[in-house]
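Have a look at the structure below, then the notes.
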Amino acid sequence: MIALTAVAVAAPALALTVPATAHATPSTTTVKSALAPAGPVDALRQQFAAKGSVRISEDARMAFDGKVGLRSRIAGVVRFGKSGPDAVDLKMTSKAGKTVDRMQVITVGGKTYTKSPLYDDMLPAGRSWVRTTGGVSSTSGGTIDILQPKILKAVLAHTKSKAPGGTVGGARTVLLSGSIKLSDLAKASPDVDVLAKMFKTGKTISLPWKLWVGADQLPRRFQSTFSLSGGDLMGDMSIATDTSFTAWGAKVVIKAPPADLVVDEKDLTEELPELPNFSTKVPGLASRES
């Protein structure tokens, strides 16, 4: 599967190094709302209504029995439509040991375009992008995608503390902290629901989180941790994600790659290799999926 699947959403194996600029061109115009938002969820919805955007930079670490086994980064731009994120241009990098995997994902107009060195030898001469059908499924490689209003609302409902957050990205912030059960998160996210069923062990799994919010109520930084004790099968595992949000409200243009560089997945003569994801990095998980 090329698109960002629920399994890939569950872990930060898709990650990037450089903010995407080749296809996402910001103007100097910034979206401003006439009404002050009541809170972060309202502020996010106002960005949707104004068809703004945000730049994200996300770093993540997967650790097994206390040792980091995978580091990843996602960086790029997310464009909003009236109902939520409707286009992305993201570059991704993941590193496990000496192995480094890179890819770029552009989703626009209900199509997803993926470019990766892993595909190069399998594509027709002159083609470098693979096209599949599908819109934006997630804007994060972590478990909690706070650019989805239902998920952000669910997270904020479990706020336990509020304190000054200092300056983040040039903005004075308030730091909100809390913890949400995986089962509660699953109620707000179909992707997480798949994950919750995968790890249904009878034990409560909670995800501690921190959210830095600016005076405009927009997120500036978000951290979360997903920990799991897998016993003899998997050992102890944790996924720590740290995401920064900048350039809220900029008008951007995200374009599909040139047509002469694109091939449809259905037209390929052989199946593409799977890009690294949660199941390929976590021992024993693939067997749980079958």
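Numbering starts fresh at 1 for the residues of each chain in the structure tokens, the chains themselves are lettered A, B, ... in the order given, and ligands are numbered from 1 as they appear.
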
Got a sec: who's within 6 Å of region 149-156 of chain A, counting only C-alpha atoms, leaving out chain neighbours fewer than 2 positions off, as an MDAnalysis selection string?
chainID A and resid 41 146 158:159 188

Write the selection just made, keeping C-alpha atoms, as a JSON list (two decimals), in the first residue's frame?
[["chain", "number", "residue", "atom", "x", "y", "z"],
["A", 41, "VAL", "CA", -10.97, 23.52, 18.14],
["A", 146, "ILE", "CA", -4.59, 17.14, 16.24],
["A", 158, "HIS", "CA", -8.80, 15.14, 29.07],
["A", 159, "THR", "CA", -6.82, 18.25, 30.04],
["A", 188, "ALA", "CA", -12.76, 10.03, 17.59]]

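In terms of minimum interatomic distance to Val130 (chain A), A:Lys111 ranks closest within A:Lys197, A:Arg45, A:Arg221, A:Lys111, counting only C-alpha atoms.
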
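The residue that comes closest to Ser224 (chain A), out of A:Val168, A:Ala60, A:Leu118, A:Ala247 and on the basis of only C-alpha atoms, is A:Ala60.
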
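Straight-line separation from CA of Asp242 (chain A) to CA of Phe48 (chain A): 23.1 Å.
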
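Here the question is which of A:Lys203, A:Lys115, A:Lys251, A:Lys98 gets nearest to Leu272 (chain A) using only C-alpha atoms, and that residue is A:Lys115.
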